[in-house]
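Undergrad: Could you have a look at this structure, given as structure tokens, before my questions?
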Amino acid sequence: MNYRHSFHAGNSADVVKHSLLIALVQALQHKPGALTLIDTHAGCGLYDLEGDEAGRTGEAAQGVLRAFADRNPLLNDYRAAVNAVNGGNDPRLYPGSPQILSQLLRPQDALILNEKHPDDAYALRGAMRGTPAAVHERDAYELWLAMLPTRTPRGVVVVDPPYEQTDERARITTTLAAAHRKWAHGVTVIWYPLKDRATHRRWKEQLGKLGIPKILCVEHWLYDEDQPGIYNGAGLFIVNPPYAFAQGLPPLLESLRAALAPEGHRGEISADWLHD
Ligand SMILES: C[S@@+](CC[C@H](N)C(=O)[O-])C[C@H]1O[C@@H](n2cnc3c(N)ncnc32)[C@H](O)[C@@H]1O
């Protein structure tokens, strides 16, 4: 486990992932029933954008700082979540998914966080002190299945691995199949990097064979031509997205594309069902 999210916090993928998480949870909260939110790969919870690690990559300049330079009101909720950890000042701290999810909690909701790396789990406990979140230090795939079905009738599982292991996609496919058998109506969000189109197409075909009827596939391609062998963007598979979320997605995706388009590129961001 070499991956450290502190090098990448607030990059363009975080902006899209965290914006969509906020919209998804808010859509589920149109109903008063309690939600259980589970973050299987939680990271540290809070990141210093002016720290050594973030400074070495400078990725936040292409992500959260672009979202703040943009004035589109559809990004207001995302900017508010970042502002909440910065006291309204320019973003210096970046809230990871645990912080963002905890900001959304209503009294009836529960938050379960998991992080396997001991240093990051320690940082996570510190970042979440004073919140109602439960923090675990287990293997993500073991915890994912162990927590299902959730204690509340509705819930969201967020799966955000670093894809360092060559079998990461296979582990997700197997665990998602087992999770679906235990919790067919549950909402699951799976983040993935987009490198080459062939790998992504093969994975989509495998997920399509699981027989899960409702998987929304969001893809954010940053550049107008693929850059071979490098990171070309990222996306999310969203199992059982609520109707209000899926309906409101096109204008939010367009605002994200426009805010995050690299110099000289338009980029592309789409949302399509895995099964038509
Ligand atoms: C991309 S980061 C998570 C970022 C976070 N979800 C966010 O949006 O702020 C992935 C995290 O997963 C952790 N991790 C990697 N493999 C894991 C495993 N098998 N079980 C639990 N955590 C794992 C890494 O240590 C890392 O902190």
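Order determines the names: the first chain of the structure tokens is A, the second B, and so forth; residues in each chain are numbered 1 upward, and ligands are numbered 1 upward as they are shown.
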Excluding Gly211 of chain A and any residue of its chain fewer than 3 positions from it, enumerate the residues within 9 Å of it, using only C-alpha atoms, and give them as a list in words.
TA: Ala177, Leu207 and Gly208 of chain A
Undergrad: Write out, as an mmCIF file, in the first residue's frame, the residues just selected, with N, CA and C atoms.
TA:
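File written: part_4.cif
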data_model
loop_
_atom_site.group_PDB
_atom_site.id
_atom_site.type_symbol
_atom_site.label_atom_id
_atom_site.label_comp_id
_atom_site.auth_asym_id
_atom_site.auth_seq_id
_atom_site.Cartn_x
_atom_site.Cartn_y
_atom_site.Cartn_z
ATOM 1 N N ALA A 177 -20.748 -8.215 -6.932
ATOM 2 C CA ALA A 177 -21.709 -9.309 -7.212
ATOM 3 C C ALA A 177 -22.252 -9.871 -5.896
ATOM 4 N N LEU A 207 -18.807 -6.081 -15.771
ATOM 5 C CA LEU A 207 -19.836 -5.602 -14.840
ATOM 6 C C LEU A 207 -21.226 -5.805 -15.440
ATOM 7 N N GLY A 208 -21.322 -5.632 -16.758
ATOM 8 C CA GLY A 208 -22.610 -5.807 -17.437
ATOM 9 C C GLY A 208 -23.132 -7.231 -17.323
#
Undergrad: When you look at segment 121-136 of chain A with a cut-off of 8 Å (counting only C-alpha atoms), what residues show up, excluding the ones that are within fewer than 5 positions of it in the same chain? I need them as number ranges by chain.
TA: A: 42-46, 98-99, 102, 110-116
Undergrad: Using C-alpha atoms, can you write the selected residues to a file as an mmCIF file, in the first residue's frame?
TA:
data_model
loop_
_atom_site.group_PDB
_atom_site.id
_atom_site.type_symbol
_atom_site.label_atom_id
_atom_site.label_comp_id
_atom_site.auth_asym_id
_atom_site.auth_seq_id
_atom_site.Cartn_x
_atom_site.Cartn_y
_atom_site.Cartn_z
ATOM 1 C CA ALA A 42 -11.683 6.655 3.317
ATOM 2 C CA GLY A 43 -8.144 8.106 3.250
ATOM 3 C CA CYS A 44 -7.134 10.772 5.823
ATOM 4 C CA GLY A 45 -10.341 12.824 5.820
ATOM 5 C CA LEU A 46 -8.596 16.214 5.627
ATOM 6 C CA PRO A 98 -15.267 11.314 5.043
ATOM 7 C CA GLN A 99 -15.458 15.038 5.864
ATOM 8 C CA SER A 102 -20.076 13.915 7.649
ATOM 9 C CA ALA A 110 -24.970 7.025 10.250
ATOM 10 C CA LEU A 111 -21.435 7.210 8.803
ATOM 11 C CA ILE A 112 -19.030 4.245 8.702
ATOM 12 C CA LEU A 113 -15.474 4.959 7.537
ATOM 13 C CA ASN A 114 -12.733 2.472 6.752
ATOM 14 C CA GLU A 115 -9.023 2.953 6.013
ATOM 15 C CA LYS A 116 -6.414 0.182 6.051
#
Undergrad: Residues within 9 Å of ligand 1 (only C-alpha atoms and all ligand atoms), as number ranges by chain?
TA: A: 1-6, 8-10, 13-14, 17-18, 39-47, 94-100, 114-121, 137-143, 158-165, 168, 191
Undergrad: Print the selection's residues with N, CA and C atoms to a file, as a compact mmCIF listing (two decimals), in the first residue's frame.
TA:
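Saved as selection-v5.txt:
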# COMPACT_ATOMS: atom_id res chain seq x y z
N MET A 1 0.84 -1.20 0.00
CA MET A 1 0.00 0.00 0.00
C MET A 1 0.87 1.25 0.00
N ASN A 2 1.25 1.68 -1.20
CA ASN A 2 2.11 2.86 -1.30
C ASN A 2 1.33 4.14 -1.56
N TYR A 3 0.12 4.00 -2.06
CA TYR A 3 -0.65 5.18 -2.47
C TYR A 3 -0.95 6.08 -1.27
N ARG A 4 -0.71 7.38 -1.44
CA ARG A 4 -1.08 8.36 -0.40
C ARG A 4 -1.94 9.42 -1.08
N HIS A 5 -3.16 9.57 -0.62
CA HIS A 5 -4.06 10.52 -1.30
C HIS A 5 -3.63 11.97 -1.08
N SER A 6 -2.78 12.19 -0.07
CA SER A 6 -2.33 13.57 0.19
C SER A 6 -1.60 14.18 -1.00
N HIS A 8 -2.64 13.84 -4.02
CA HIS A 8 -3.63 14.04 -5.10
C HIS A 8 -4.89 14.78 -4.65
N ALA A 9 -5.00 15.09 -3.35
CA ALA A 9 -6.24 15.67 -2.82
C ALA A 9 -6.62 16.94 -3.57
N GLY A 10 -7.90 17.05 -3.88
CA GLY A 10 -8.40 18.25 -4.55
C GLY A 10 -8.12 18.28 -6.03
N ALA A 13 -10.31 14.78 -10.37
CA ALA A 13 -11.12 13.61 -10.06
C ALA A 13 -11.84 13.78 -8.73
N ASP A 14 -11.17 14.38 -7.75
CA ASP A 14 -11.83 14.64 -6.45
C ASP A 14 -13.00 15.61 -6.63
N LYS A 17 -15.85 13.57 -8.21
CA LYS A 17 -16.33 12.55 -7.26
C LYS A 17 -17.08 13.20 -6.10
N HIS A 18 -16.50 14.24 -5.51
CA HIS A 18 -17.12 14.85 -4.33
C HIS A 18 -18.37 15.64 -4.70
N ASP A 39 -17.91 4.39 3.70
CA ASP A 39 -16.78 4.78 2.84
C ASP A 39 -15.70 3.74 3.05
N THR A 40 -15.53 2.83 2.06
CA THR A 40 -14.65 1.66 2.27
C THR A 40 -13.16 2.02 2.18
N HIS A 41 -12.82 3.05 1.40
CA HIS A 41 -11.42 3.49 1.23
C HIS A 41 -11.40 4.98 1.59
N ALA A 42 -11.34 5.30 2.87
CA ALA A 42 -11.68 6.66 3.32
C ALA A 42 -10.52 7.65 3.19
N GLY A 43 -9.28 7.17 3.24
CA GLY A 43 -8.14 8.11 3.25
C GLY A 43 -8.04 8.82 4.59
N CYS A 44 -7.44 10.04 4.57
CA CYS A 44 -7.13 10.77 5.82
C CYS A 44 -8.28 11.66 6.29
N GLY A 45 -9.20 11.98 5.42
CA GLY A 45 -10.34 12.82 5.82
C GLY A 45 -10.12 14.31 5.59
N LEU A 46 -8.88 14.79 5.79
CA LEU A 46 -8.60 16.21 5.63
C LEU A 46 -7.15 16.35 5.14
N TYR A 47 -6.94 17.24 4.16
CA TYR A 47 -5.61 17.35 3.54
C TYR A 47 -5.16 18.80 3.51
N TYR A 94 -8.29 20.66 2.36
CA TYR A 94 -9.23 20.01 1.44
C TYR A 94 -9.95 18.89 2.17
N PRO A 95 -11.30 18.90 2.11
CA PRO A 95 -12.05 17.84 2.79
C PRO A 95 -12.12 16.58 1.93
N GLY A 96 -11.66 15.46 2.46
CA GLY A 96 -11.83 14.18 1.77
C GLY A 96 -13.26 13.71 1.88
N SER A 97 -13.55 12.56 1.26
CA SER A 97 -14.93 12.06 1.26
C SER A 97 -15.48 11.88 2.69
N PRO A 98 -14.69 11.45 3.69
CA PRO A 98 -15.27 11.31 5.04
C PRO A 98 -15.80 12.64 5.60
N GLN A 99 -15.03 13.71 5.39
CA GLN A 99 -15.46 15.04 5.86
C GLN A 99 -16.70 15.48 5.12
N ILE A 100 -16.70 15.29 3.80
CA ILE A 100 -17.84 15.73 2.99
C ILE A 100 -19.10 14.97 3.40
N ASN A 114 -13.73 3.54 6.67
CA ASN A 114 -12.73 2.47 6.75
C ASN A 114 -11.46 2.88 6.01
N GLU A 115 -10.31 2.64 6.64
CA GLU A 115 -9.02 2.95 6.01
C GLU A 115 -7.99 1.96 6.55
N LYS A 116 -7.31 1.27 5.63
CA LYS A 116 -6.41 0.18 6.05
C LYS A 116 -5.00 0.66 6.41
N HIS A 117 -4.54 1.72 5.76
CA HIS A 117 -3.17 2.17 6.04
C HIS A 117 -3.11 2.76 7.45
N PRO A 118 -2.23 2.24 8.33
CA PRO A 118 -2.26 2.68 9.74
C PRO A 118 -2.05 4.19 9.90
N ASP A 119 -1.14 4.80 9.13
CA ASP A 119 -0.90 6.25 9.30
C ASP A 119 -2.14 7.04 8.88
N ASP A 120 -2.76 6.63 7.76
CA ASP A 120 -3.93 7.36 7.28
C ASP A 120 -5.12 7.12 8.21
N ALA A 121 -5.23 5.89 8.76
CA ALA A 121 -6.32 5.61 9.70
C ALA A 121 -6.17 6.47 10.95
N GLU A 137 -10.40 -0.01 10.66
CA GLU A 137 -9.08 -0.16 10.03
C GLU A 137 -8.99 -1.58 9.47
N ARG A 138 -9.80 -1.87 8.47
CA ARG A 138 -9.94 -3.24 7.97
C ARG A 138 -9.69 -3.26 6.47
N ASP A 139 -9.71 -4.47 5.91
CA ASP A 139 -9.64 -4.56 4.45
C ASP A 139 -10.98 -4.09 3.87
N ALA A 140 -10.90 -3.23 2.87
CA ALA A 140 -12.11 -2.60 2.32
C ALA A 140 -13.14 -3.62 1.83
N TYR A 141 -12.66 -4.68 1.17
CA TYR A 141 -13.60 -5.61 0.54
C TYR A 141 -14.27 -6.49 1.59
N GLU A 142 -13.51 -6.81 2.64
CA GLU A 142 -14.09 -7.57 3.76
C GLU A 142 -15.13 -6.72 4.46
N LEU A 143 -14.80 -5.44 4.73
CA LEU A 143 -15.75 -4.55 5.43
C LEU A 143 -17.01 -4.31 4.58
N VAL A 158 -19.51 3.79 -0.69
CA VAL A 158 -18.57 4.48 -1.58
C VAL A 158 -17.27 3.66 -1.61
N VAL A 159 -16.85 3.28 -2.82
CA VAL A 159 -15.67 2.42 -3.01
C VAL A 159 -14.67 3.21 -3.84
N ASP A 160 -13.55 3.60 -3.23
CA ASP A 160 -12.63 4.55 -3.89
C ASP A 160 -11.18 4.08 -3.74
N PRO A 161 -10.84 2.94 -4.38
CA PRO A 161 -9.50 2.38 -4.20
C PRO A 161 -8.44 3.10 -5.03
N PRO A 162 -7.15 2.87 -4.70
CA PRO A 162 -6.09 3.53 -5.48
C PRO A 162 -5.72 2.81 -6.78
N TYR A 163 -6.22 1.60 -7.01
CA TYR A 163 -5.89 0.83 -8.23
C TYR A 163 -4.39 0.60 -8.36
N GLU A 164 -3.71 0.37 -7.23
CA GLU A 164 -2.28 -0.01 -7.28
C GLU A 164 -2.15 -1.49 -7.60
N GLN A 165 -3.12 -2.27 -7.16
CA GLN A 165 -3.05 -3.73 -7.35
C GLN A 165 -3.65 -4.09 -8.70
N GLU A 168 -7.37 -5.12 -8.69
CA GLU A 168 -8.36 -4.26 -8.02
C GLU A 168 -9.73 -4.34 -8.71
N TRP A 191 -15.50 4.52 -7.73
CA TRP A 191 -14.66 5.45 -8.49
C TRP A 191 -13.62 4.64 -9.30
Undergrad: So which one's closest to Gln108 of chain A, A:Asn232, A:Gln227, A:Gln26, A:Thr152? Using only C-alpha atoms, please.
TA: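 Once distances to Gln108 of chain A are computed over only C-alpha atoms, the minimum belongs to A:Thr152.
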Undergrad: With only C-alpha atoms as the counted atoms, please give the residues lying no more than 10 Å from segment 71-73 of chain A, apart from itself and same-chain residues fewer than 6 positions off, as a count of residues only.
TA: 6
Undergrad: Residues near Glu219 of chain A, anyone? I mean within 7 Å using only C-alpha atoms, not counting same-chain ones fewer than 2 positions away, as a PyMOL selection string.
TA: chain A and resi 217+221+234-236+269-271
Undergrad: Which one of A:Lys204, A:Arg154, A:Arg171, A:His275 sits closest to Pro242 of chain A if you count only C-alpha atoms?
TA: A:Arg154
